[in-house]
$ cat entry_32.pdb   # PDB, C-alpha atoms
ATOM      1  CA  ALA A  98     -21.050  22.143  11.891  1.00  0.00           C
ATOM      2  CA  GLN A  99     -22.550  20.418   8.891  1.00  0.00           C
ATOM      3  CA  THR A 100     -22.872  16.658   9.197  1.00  0.00           C
ATOM      4  CA  VAL A 101     -24.450  13.852   7.213  1.00  0.00           C
ATOM      5  CA  THR A 102     -25.309  10.560   8.883  1.00  0.00           C
ATOM      6  CA  GLN A 103     -26.086   7.276   7.196  1.00  0.00           C
ATOM      7  CA  SER A 104     -26.951   4.845   9.954  1.00  0.00           C
ATOM      8  CA  GLN A 105     -27.134   1.695   7.837  1.00  0.00           C
ATOM      9  CA  PRO A 106     -23.655   0.453   6.891  1.00  0.00           C
ATOM     10  CA  GLU A 107     -25.042  -2.471   4.879  1.00  0.00           C
ATOM     11  CA  MET A 108     -28.372  -3.515   3.444  1.00  0.00           C
ATOM     12  CA  SER A 109     -29.616  -6.206   1.124  1.00  0.00           C
ATOM     13  CA  VAL A 110     -32.758  -6.559  -0.934  1.00  0.00           C
ATOM     14  CA  GLN A 111     -34.213  -9.180  -3.213  1.00  0.00           C
ATOM     15  CA  GLU A 112     -34.310  -8.393  -6.893  1.00  0.00           C
ATOM     16  CA  ALA A 113     -37.550  -6.612  -7.899  1.00  0.00           C
ATOM     17  CA  GLU A 114     -38.279  -5.582  -4.294  1.00  0.00           C
ATOM     18  CA  THR A 115     -38.180  -2.080  -2.821  1.00  0.00           C
ATOM     19  CA  VAL A 116     -35.558  -0.792  -0.406  1.00  0.00           C
ATOM     20  CA  THR A 117     -35.155   2.473   1.483  1.00  0.00           C
ATOM     21  CA  LEU A 118     -31.800   3.920   2.493  1.00  0.00           C
ATOM     22  CA  SER A 119     -31.841   6.460   5.281  1.00  0.00           C
ATOM     23  CA  CYS A 120     -29.921   9.702   5.609  1.00  0.00           C
ATOM     24  CA  THR A 121     -30.106  12.494   8.143  1.00  0.00           C
ATOM     25  CA  TYR A 122     -28.182  15.725   8.153  1.00  0.00           C
ATOM     26  CA  ASP A 123     -27.554  18.664  10.384  1.00  0.00           C
ATOM     27  CA  THR A 124     -27.124  22.223   9.230  1.00  0.00           C
ATOM     28  CA  SER A 125     -27.997  25.785  10.076  1.00  0.00           C
ATOM     29  CA  GLU A 126     -27.922  26.767   6.401  1.00  0.00           C
ATOM     30  CA  ASN A 127     -31.109  27.718   4.561  1.00  0.00           C
ATOM     31  CA  ASN A 128     -29.878  27.369   1.014  1.00  0.00           C
ATOM     32  CA  TYR A 129     -28.649  23.904   0.257  1.00  0.00           C
ATOM     33  CA  TYR A 130     -29.125  20.904  -1.960  1.00  0.00           C
ATOM     34  CA  LEU A 131     -29.172  17.230  -1.167  1.00  0.00           C
ATOM     35  CA  PHE A 132     -27.837  14.496  -3.405  1.00  0.00           C
ATOM     36  CA  TRP A 133     -27.589  10.742  -3.547  1.00  0.00           C
ATOM     37  CA  TYR A 134     -24.573   9.271  -5.318  1.00  0.00           C
ATOM     38  CA  LYS A 135     -23.964   5.669  -6.255  1.00  0.00           C
ATOM     39  CA  GLN A 136     -20.480   4.124  -6.249  1.00  0.00           C
ATOM     40  CA  PRO A 137     -20.389   0.674  -7.889  1.00  0.00           C
ATOM     41  CA  PRO A 138     -17.365  -1.615  -7.542  1.00  0.00           C
ATOM     42  CA  SER A 139     -15.810   0.209 -10.500  1.00  0.00           C
ATOM     43  CA  ARG A 140     -15.526   3.130  -8.075  1.00  0.00           C
ATOM     44  CA  GLN A 141     -17.180   5.743 -10.254  1.00  0.00           C
ATOM     45  CA  MET A 142     -19.322   8.288  -8.430  1.00  0.00           C
ATOM     46  CA  ILE A 143     -22.634   8.472 -10.255  1.00  0.00           C
ATOM     47  CA  LEU A 144     -25.287  11.042  -9.432  1.00  0.00           C
ATOM     48  CA  VAL A 145     -28.576   9.272  -8.713  1.00  0.00           C
ATOM     49  CA  ILE A 146     -30.917  12.057  -7.660  1.00  0.00           C
ATOM     50  CA  ARG A 147     -30.954  15.536  -6.144  1.00  0.00           C
ATOM     51  CA  GLN A 148     -33.369  17.559  -4.051  1.00  0.00           C
ATOM     52  CA  GLU A 149     -33.637  21.298  -3.591  1.00  0.00           C
ATOM     53  CA  ALA A 150     -34.108  22.182   0.056  1.00  0.00           C
ATOM     54  CA  TYR A 151     -36.679  24.857  -0.638  1.00  0.00           C
ATOM     55  CA  LYS A 152     -38.917  22.513  -2.603  1.00  0.00           C
ATOM     56  CA  GLN A 153     -41.575  20.550  -0.779  1.00  0.00           C
ATOM     57  CA  GLN A 154     -42.115  18.097  -3.599  1.00  0.00           C
ATOM     58  CA  ASN A 155     -39.980  14.981  -3.391  1.00  0.00           C
ATOM     59  CA  ALA A 156     -37.654  14.369  -6.320  1.00  0.00           C
ATOM     60  CA  THR A 157     -38.192  11.322  -8.508  1.00  0.00           C
ATOM     61  CA  GLU A 158     -35.929   9.810 -11.135  1.00  0.00           C
ATOM     62  CA  ASN A 159     -37.349   6.640 -12.711  1.00  0.00           C
ATOM     63  CA  ARG A 160     -37.077   3.890 -10.051  1.00  0.00           C
ATOM     64  CA  PHE A 161     -35.412   6.235  -7.570  1.00  0.00           C
ATOM     65  CA  SER A 162     -37.300   8.619  -5.331  1.00  0.00           C
ATOM     66  CA  VAL A 163     -36.595  10.512  -2.144  1.00  0.00           C
ATOM     67  CA  ASN A 164     -38.559  11.205   0.989  1.00  0.00           C
ATOM     68  CA  PHE A 165     -37.431  14.645   2.048  1.00  0.00           C
ATOM     69  CA  GLN A 166     -38.539  15.765   5.500  1.00  0.00           C
ATOM     70  CA  LYS A 167     -36.980  19.183   5.977  1.00  0.00           C
ATOM     71  CA  ALA A 168     -38.095  19.745   9.552  1.00  0.00           C
ATOM     72  CA  ALA A 169     -36.691  16.380  10.572  1.00  0.00           C
ATOM     73  CA  LYS A 170     -33.602  16.922   8.386  1.00  0.00           C
ATOM     74  CA  SER A 171     -34.157  13.556   6.794  1.00  0.00           C
ATOM     75  CA  PHE A 172     -33.487  12.585   3.179  1.00  0.00           C
ATOM     76  CA  SER A 173     -34.085   8.909   2.458  1.00  0.00           C
ATOM     77  CA  LEU A 174     -33.692   7.180  -0.899  1.00  0.00           C
ATOM     78  CA  LYS A 175     -36.224   4.651  -2.103  1.00  0.00           C
ATOM     79  CA  ILE A 176     -35.259   2.218  -4.852  1.00  0.00           C
ATOM     80  CA  SER A 177     -38.213   0.431  -6.426  1.00  0.00           C
ATOM     81  CA  ASP A 178     -38.014  -2.747  -8.506  1.00  0.00           C
ATOM     82  CA  SER A 179     -34.410  -3.295  -7.430  1.00  0.00           C
ATOM     83  CA  GLN A 180     -32.045  -4.598 -10.085  1.00  0.00           C
ATOM     84  CA  LEU A 181     -28.750  -6.451  -9.784  1.00  0.00           C
ATOM     85  CA  GLY A 182     -27.011  -3.412 -11.254  1.00  0.00           C
ATOM     86  CA  ASP A 183     -28.131  -1.372  -8.264  1.00  0.00           C
ATOM     87  CA  THR A 184     -25.562  -3.196  -6.136  1.00  0.00           C
ATOM     88  CA  ALA A 185     -23.196  -0.433  -4.979  1.00  0.00           C
ATOM     89  CA  MET A 186     -22.246   1.909  -2.171  1.00  0.00           C
ATOM     90  CA  TYR A 187     -24.723   4.740  -1.847  1.00  0.00           C
ATOM     91  CA  PHE A 188     -23.628   8.082  -0.458  1.00  0.00           C
ATOM     92  CA  CYS A 189     -25.888  10.833   0.729  1.00  0.00           C
ATOM     93  CA  ALA A 190     -24.391  14.303   0.262  1.00  0.00           C
ATOM     94  CA  PHE A 191     -25.302  17.811   1.218  1.00  0.00           C
ATOM     95  CA  MET A 192     -24.077  20.872  -0.643  1.00  0.00           C
ATOM     96  CA  PHE A 193     -24.058  24.360   0.764  1.00  0.00           C
ATOM     97  CA  THR A 194     -22.363  27.618   0.071  1.00  0.00           C
ATOM     98  CA  THR A 195     -20.233  29.572   2.463  1.00  0.00           C
ATOM     99  CA  SER A 196     -17.896  32.517   1.881  1.00  0.00           C
ATOM    100  CA  GLY A 197     -18.032  32.102  -1.870  1.00  0.00           C
ATOM    101  CA  THR A 198     -17.238  28.408  -1.912  1.00  0.00           C
ATOM    102  CA  TYR A 199     -19.385  25.363  -2.452  1.00  0.00           C
ATOM    103  CA  LYS A 200     -18.810  22.187  -0.535  1.00  0.00           C
ATOM    104  CA  TYR A 201     -20.155  18.698  -0.463  1.00  0.00           C
ATOM    105  CA  ILE A 202     -20.429  16.961   2.881  1.00  0.00           C
ATOM    106  CA  PHE A 203     -20.723  13.216   2.361  1.00  0.00           C
ATOM    107  CA  GLY A 204     -22.107  10.532   4.628  1.00  0.00           C
ATOM    108  CA  THR A 205     -20.129   7.352   5.276  1.00  0.00           C
ATOM    109  CA  GLY A 206     -22.212   5.343   2.853  1.00  0.00           C
ATOM    110  CA  THR A 207     -24.562   2.367   2.790  1.00  0.00           C
ATOM    111  CA  ARG A 208     -23.447  -0.770   0.992  1.00  0.00           C
ATOM    112  CA  LEU A 209     -26.456  -2.173  -0.868  1.00  0.00           C
ATOM    113  CA  LYS A 210     -26.490  -5.684  -2.227  1.00  0.00           C
ATOM    114  CA  VAL A 211     -29.274  -6.785  -4.536  1.00  0.00           C
ATOM    115  CA  LEU A 212     -29.823 -10.538  -4.355  1.00  0.00           C
ATOM    116  CA  ALA A 213     -30.929 -12.641  -7.309  1.00  0.00           C
TER     117      ALA A 213
ATOM    118  CA  ASN B 208     -18.366  14.651 -24.362  1.00  0.00           C
ATOM    119  CA  ALA B 209     -15.609  13.019 -22.345  1.00  0.00           C
ATOM    120  CA  GLY B 210     -16.126  12.925 -18.617  1.00  0.00           C
ATOM    121  CA  VAL B 211     -13.678  13.936 -15.918  1.00  0.00           C
ATOM    122  CA  MET B 212     -10.395  12.173 -16.639  1.00  0.00           C
ATOM    123  CA  GLN B 213      -8.050  11.211 -13.865  1.00  0.00           C
ATOM    124  CA  ASN B 214      -4.682   9.584 -14.201  1.00  0.00           C
ATOM    125  CA  PRO B 215      -3.105   7.422 -13.231  1.00  0.00           C
ATOM    126  CA  ARG B 216      -5.806   5.044 -12.093  1.00  0.00           C
ATOM    127  CA  HIS B 217      -3.423   3.413  -9.659  1.00  0.00           C
ATOM    128  CA  LEU B 218      -0.232   4.887  -8.269  1.00  0.00           C
ATOM    129  CA  VAL B 219       2.271   3.124  -6.039  1.00  0.00           C
ATOM    130  CA  ARG B 220       4.905   5.079  -4.180  1.00  0.00           C
ATOM    131  CA  ARG B 221       7.423   4.348  -1.472  1.00  0.00           C
ATOM    132  CA  ARG B 222       7.480   6.382   1.700  1.00  0.00           C
ATOM    133  CA  GLY B 223       9.269   9.681   1.143  1.00  0.00           C
ATOM    134  CA  GLN B 224       8.577   9.870  -2.589  1.00  0.00           C
ATOM    135  CA  GLU B 225       6.349  12.373  -4.329  1.00  0.00           C
ATOM    136  CA  ALA B 226       2.935  11.582  -5.790  1.00  0.00           C
ATOM    137  CA  ARG B 227       1.353  13.600  -8.603  1.00  0.00           C
ATOM    138  CA  LEU B 228      -2.286  13.047  -9.424  1.00  0.00           C
ATOM    139  CA  ARG B 229      -3.791  14.582 -12.541  1.00  0.00           C
ATOM    140  CA  CYS B 230      -7.313  15.642 -13.331  1.00  0.00           C
ATOM    141  CA  SER B 231      -8.704  16.947 -16.603  1.00  0.00           C
ATOM    142  CA  PRO B 232     -12.180  18.398 -16.019  1.00  0.00           C
ATOM    143  CA  MET B 233     -15.067  17.972 -18.405  1.00  0.00           C
ATOM    144  CA  LYS B 234     -14.995  20.263 -21.410  1.00  0.00           C
ATOM    145  CA  GLY B 235     -16.355  23.661 -20.484  1.00  0.00           C
ATOM    146  CA  HIS B 236     -15.850  23.124 -16.745  1.00  0.00           C
ATOM    147  CA  SER B 237     -13.601  25.629 -15.011  1.00  0.00           C
ATOM    148  CA  HIS B 238     -14.227  24.548 -11.407  1.00  0.00           C
ATOM    149  CA  VAL B 239     -12.315  21.599  -9.982  1.00  0.00           C
ATOM    150  CA  TYR B 240     -12.640  19.899  -6.612  1.00  0.00           C
ATOM    151  CA  TRP B 241     -10.422  17.264  -5.011  1.00  0.00           C
ATOM    152  CA  TYR B 242     -11.656  14.717  -2.471  1.00  0.00           C
ATOM    153  CA  ARG B 243     -10.025  11.923  -0.519  1.00  0.00           C
ATOM    154  CA  GLN B 244     -11.743   8.650   0.295  1.00  0.00           C
ATOM    155  CA  LEU B 245     -10.345   6.322   2.948  1.00  0.00           C
ATOM    156  CA  PRO B 246     -11.521   2.677   2.903  1.00  0.00           C
ATOM    157  CA  GLU B 247     -15.156   2.268   3.966  1.00  0.00           C
ATOM    158  CA  GLU B 248     -15.601   6.027   4.348  1.00  0.00           C
ATOM    159  CA  GLY B 249     -17.273   8.788   2.390  1.00  0.00           C
ATOM    160  CA  LEU B 250     -15.442  11.395   0.381  1.00  0.00           C
ATOM    161  CA  LYS B 251     -13.792  14.212   2.310  1.00  0.00           C
ATOM    162  CA  PHE B 252     -13.356  17.612   0.666  1.00  0.00           C
ATOM    163  CA  MET B 253      -9.777  18.746   0.207  1.00  0.00           C
ATOM    164  CA  VAL B 254      -9.568  21.718  -2.138  1.00  0.00           C
ATOM    165  CA  TYR B 255     -11.571  23.732  -4.641  1.00  0.00           C
ATOM    166  CA  LEU B 256      -9.880  25.484  -7.542  1.00  0.00           C
ATOM    167  CA  GLN B 257     -10.943  27.675 -10.368  1.00  0.00           C
ATOM    168  CA  LYS B 258      -8.608  28.308 -13.281  1.00  0.00           C
ATOM    169  CA  GLU B 259      -5.285  29.543 -11.813  1.00  0.00           C
ATOM    170  CA  ASN B 260      -6.852  30.211  -8.406  1.00  0.00           C
ATOM    171  CA  ILE B 261      -7.296  28.250  -5.213  1.00  0.00           C
ATOM    172  CA  ILE B 262     -10.715  29.181  -3.884  1.00  0.00           C
ATOM    173  CA  ASP B 263     -10.885  26.969  -0.797  1.00  0.00           C
ATOM    174  CA  GLU B 264      -8.181  24.690   0.580  1.00  0.00           C
ATOM    175  CA  SER B 265      -9.668  24.252   4.023  1.00  0.00           C
ATOM    176  CA  GLY B 266      -9.742  20.465   3.713  1.00  0.00           C
ATOM    177  CA  MET B 267      -6.162  20.034   2.656  1.00  0.00           C
ATOM    178  CA  PRO B 268      -3.380  19.202   5.134  1.00  0.00           C
ATOM    179  CA  LYS B 269      -1.136  22.226   5.668  1.00  0.00           C
ATOM    180  CA  GLU B 270       2.054  20.356   4.953  1.00  0.00           C
ATOM    181  CA  ARG B 271       3.170  18.186   2.033  1.00  0.00           C
ATOM    182  CA  PHE B 272      -0.040  18.693   0.011  1.00  0.00           C
ATOM    183  CA  SER B 273      -0.512  21.240  -2.738  1.00  0.00           C
ATOM    184  CA  ALA B 274      -2.851  21.704  -5.667  1.00  0.00           C
ATOM    185  CA  GLU B 275      -2.850  23.755  -8.808  1.00  0.00           C
ATOM    186  CA  PHE B 276      -5.077  24.304 -11.818  1.00  0.00           C
ATOM    187  CA  PRO B 277      -3.050  26.156 -14.437  1.00  0.00           C
ATOM    188  CA  LYS B 278      -4.453  28.136 -17.320  1.00  0.00           C
ATOM    189  CA  GLU B 279      -3.471  25.325 -19.663  1.00  0.00           C
ATOM    190  CA  GLY B 280      -3.436  21.672 -18.745  1.00  0.00           C
ATOM    191  CA  PRO B 281      -4.904  19.494 -16.029  1.00  0.00           C
ATOM    192  CA  SER B 282      -5.274  20.163 -12.352  1.00  0.00           C
ATOM    193  CA  ILE B 283      -2.534  18.558 -10.284  1.00  0.00           C
ATOM    194  CA  LEU B 284      -2.714  17.329  -6.718  1.00  0.00           C
ATOM    195  CA  ARG B 285       0.803  16.936  -5.409  1.00  0.00           C
ATOM    196  CA  ILE B 286       1.784  15.056  -2.272  1.00  0.00           C
ATOM    197  CA  GLN B 287       5.395  15.377  -1.188  1.00  0.00           C
ATOM    198  CA  GLN B 288       7.245  12.934   1.063  1.00  0.00           C
ATOM    199  CA  VAL B 289       4.340  10.513   1.134  1.00  0.00           C
ATOM    200  CA  VAL B 290       3.573   8.494   4.260  1.00  0.00           C
ATOM    201  CA  ARG B 291       1.504   5.335   4.743  1.00  0.00           C
ATOM    202  CA  GLY B 292      -1.460   7.380   5.925  1.00  0.00           C
ATOM    203  CA  ASP B 293      -1.704   9.009   2.488  1.00  0.00           C
ATOM    204  CA  SER B 294      -2.929   5.703   1.036  1.00  0.00           C
ATOM    205  CA  ALA B 295      -6.439   6.411  -0.200  1.00  0.00           C
ATOM    206  CA  ALA B 296      -8.540   6.954  -3.282  1.00  0.00           C
ATOM    207  CA  TYR B 297      -8.374  10.541  -4.521  1.00  0.00           C
ATOM    208  CA  PHE B 298     -11.291  11.808  -6.554  1.00  0.00           C
ATOM    209  CA  CYS B 299     -11.508  14.860  -8.722  1.00  0.00           C
ATOM    210  CA  ALA B 300     -14.800  16.489  -9.654  1.00  0.00           C
ATOM    211  CA  SER B 301     -15.646  19.382 -11.920  1.00  0.00           C
ATOM    212  CA  SER B 302     -18.553  21.712 -12.593  1.00  0.00           C
ATOM    213  CA  PRO B 303     -19.184  24.414 -15.181  1.00  0.00           C
ATOM    214  CA  ARG B 304     -19.994  27.038 -12.571  1.00  0.00           C
ATOM    215  CA  ALA B 305     -20.171  27.450  -8.855  1.00  0.00           C
ATOM    216  CA  ALA B 306     -23.712  27.214  -7.593  1.00  0.00           C
ATOM    217  CA  VAL B 307     -25.327  25.351  -4.746  1.00  0.00           C
ATOM    218  CA  ASN B 308     -27.614  23.533  -7.167  1.00  0.00           C
ATOM    219  CA  GLN B 309     -24.801  22.522  -9.465  1.00  0.00           C
ATOM    220  CA  PRO B 310     -23.891  18.852  -9.108  1.00  0.00           C
ATOM    221  CA  GLN B 311     -20.274  17.950  -9.522  1.00  0.00           C
ATOM    222  CA  HIS B 312     -19.179  15.369 -12.044  1.00  0.00           C
ATOM    223  CA  PHE B 313     -16.646  12.906 -10.703  1.00  0.00           C
ATOM    224  CA  GLY B 314     -13.720  11.127 -12.279  1.00  0.00           C
ATOM    225  CA  ASP B 315     -12.968   7.472 -11.615  1.00  0.00           C
ATOM    226  CA  GLY B 316     -10.395   8.336  -8.973  1.00  0.00           C
ATOM    227  CA  THR B 317      -6.735   7.537  -8.428  1.00  0.00           C
ATOM    228  CA  ARG B 318      -5.933   4.847  -5.892  1.00  0.00           C
ATOM    229  CA  LEU B 319      -2.696   5.767  -4.174  1.00  0.00           C
ATOM    230  CA  SER B 320      -0.830   3.014  -2.359  1.00  0.00           C
ATOM    231  CA  ILE B 321       2.196   3.751  -0.205  1.00  0.00           C
ATOM    232  CA  LEU B 322       4.651   0.934   0.406  1.00  0.00           C
TER     233      LEU B 322
END
$ encode --input "entry_32.pdb" --output "structure tokens"
Amino acid sequence: AQTVTQSQPEMSVQEAETVTLSCTYDTSENNYYLFWYKQPPSRQMILVIRQEAYKQQNATENRFSVNFQKAAKSFSLKISDSQLGDTAMYFCAFMFTTSGTYKYIFGTGTRLKVLA
Amino acid sequence: NAGVMQNPRHLVRRRGQEARLRCSPMKGHSHVYWYRQLPEEGLKFMVYLQKENIIDESGMPKERFSAEFPKEGPSILRIQQVVRGDSAAYFCASSPRAAVNQPQHFGDGTRLSIL
């Protein structure tokens, strides 16, 4: 079974500081992608960053970067220079293909609060 | 380019009524996915449709729930004889093609409340 685990229900960080959100997953698939989505209070689901499982190099998108450890099945998100607008729920997601269909498996989320 | 449009944003129904949730995918997207989000939980996959076809409905309850994506018009998620446990946020996502590296673009969701 495919699972995604986010072990930190809530976190807070001071503005301009760095914070790391953890995510682990379990799968027997070889071909998959990992994503981080942000859900602000407006409830939109906004793609933050994605990582291809077959790539060793960690993905980076401006202030957002990941630490992808494939052997450990770990995919953490680092937010540098945190801003008030980063306050949101963050969901880790794993996409794989099976029998011609493509599915996201989402974690339960980490609520991040950036403090002024 | 308009994003994924879902309506209504909020829907209130009494137990036993029917709920219809609409989703217009992004222009050029022919793949639509529906998810349900309970409070304080992540999104759970319900169904995946491509124009006029249901590709995967493994996450959808066998009874009372149905989905369609007709040749013309939006995708519809229909819940018959709603019960309190159906209260949730329902998200639609779309993508231009089906590929494991293809992120899905989400709508703003419909919050369904059952009285």
$ interface_residues --input "entry_32.pdb" --of "chain A" --to "chain B" --cutoff "6 Å" --atoms "only C-alpha atoms" --output "PyMOL selection string"
chain A and resi 141-142+193+203-205
$ atom_distance --input "entry_32.pdb" --atom1 "atom CA of B:Pro246" --atom2 "atom CA of A:Ser119"
20.8 Å
$ resolve_selection --input "entry_32.pdb" --expression "the PyMOL selection byres ((chain A and resi 110) around 10)" --output "JSON, numbers by chain"
{"A": [108, 109, 111, 112, 113, 114, 115, 116, 117, 176, 178, 179, 180, 181, 184, 209, 210, 211, 212, 213]}
$ resolve_selection --input "entry_32.pdb" --expression "the PyMOL selection byres ((chain B and resi 225) around 10)" --output "JSON, numbers by chain"
{"B": [220, 221, 222, 223, 224, 226, 227, 271, 272, 285, 286, 287, 288, 289, 290]}
$ closest_residue --input "entry_32.pdb" --among "B:Ala274, B:Tyr297, B:Leu218, B:Arg304" --to "B:Ser237" --atoms "all atoms listed in the file"
B:Arg304
$ atom_distance --input "entry_32.pdb" --atom1 "atom CA of B:Arg291" --atom2 "atom CA of B:Arg243"
14.3 Å
$ residues_around --input "entry_32.pdb" --residues "A:Arg208" --least-positions-apart "3" --cutoff "8 Å" --atoms "all atoms listed in the file" --output "PyMOL selection string"
chain A and resi 106-108+184-187
$ residues_around --input "entry_32.pdb" --residues "B:Met212" --least-positions-apart "5" --cutoff "7 Å" --atoms "all atoms listed in the file" --output "JSON, numbers by chain"
{"B": [230, 231, 232, 314]}
$ write_last_selection --input "entry_32.pdb" --atoms "C-alpha atoms" --output "CSV table (one decimal), in the coordinates of the input"
chain,number,residue,atom,x,y,z
B,230,CYS,CA,-7.3,15.6,-13.3
B,231,SER,CA,-8.7,16.9,-16.6
B,232,PRO,CA,-12.2,18.4,-16.0
B,314,GLY,CA,-13.7,11.1,-12.3
$ resolve_selection --input "entry_32.pdb" --expression "the PyMOL selection byres ((chain B and resi 294) around 7)" --output "list in words"
Arg291, Gly292, Asp293, Ala295, Leu319, Ser320 and Ile321 of chain B
$ atom_distance --input "entry_32.pdb" --atom1 "atom CA of A:Arg160" --atom2 "atom CA of A:Lys175"
8.0 Å
$ closest_residue --input "entry_32.pdb" --among "B:Asn260, B:Val211, B:Lys269, B:Phe276" --to "B:Gly235" --atoms "only C-alpha atoms"
B:Val211
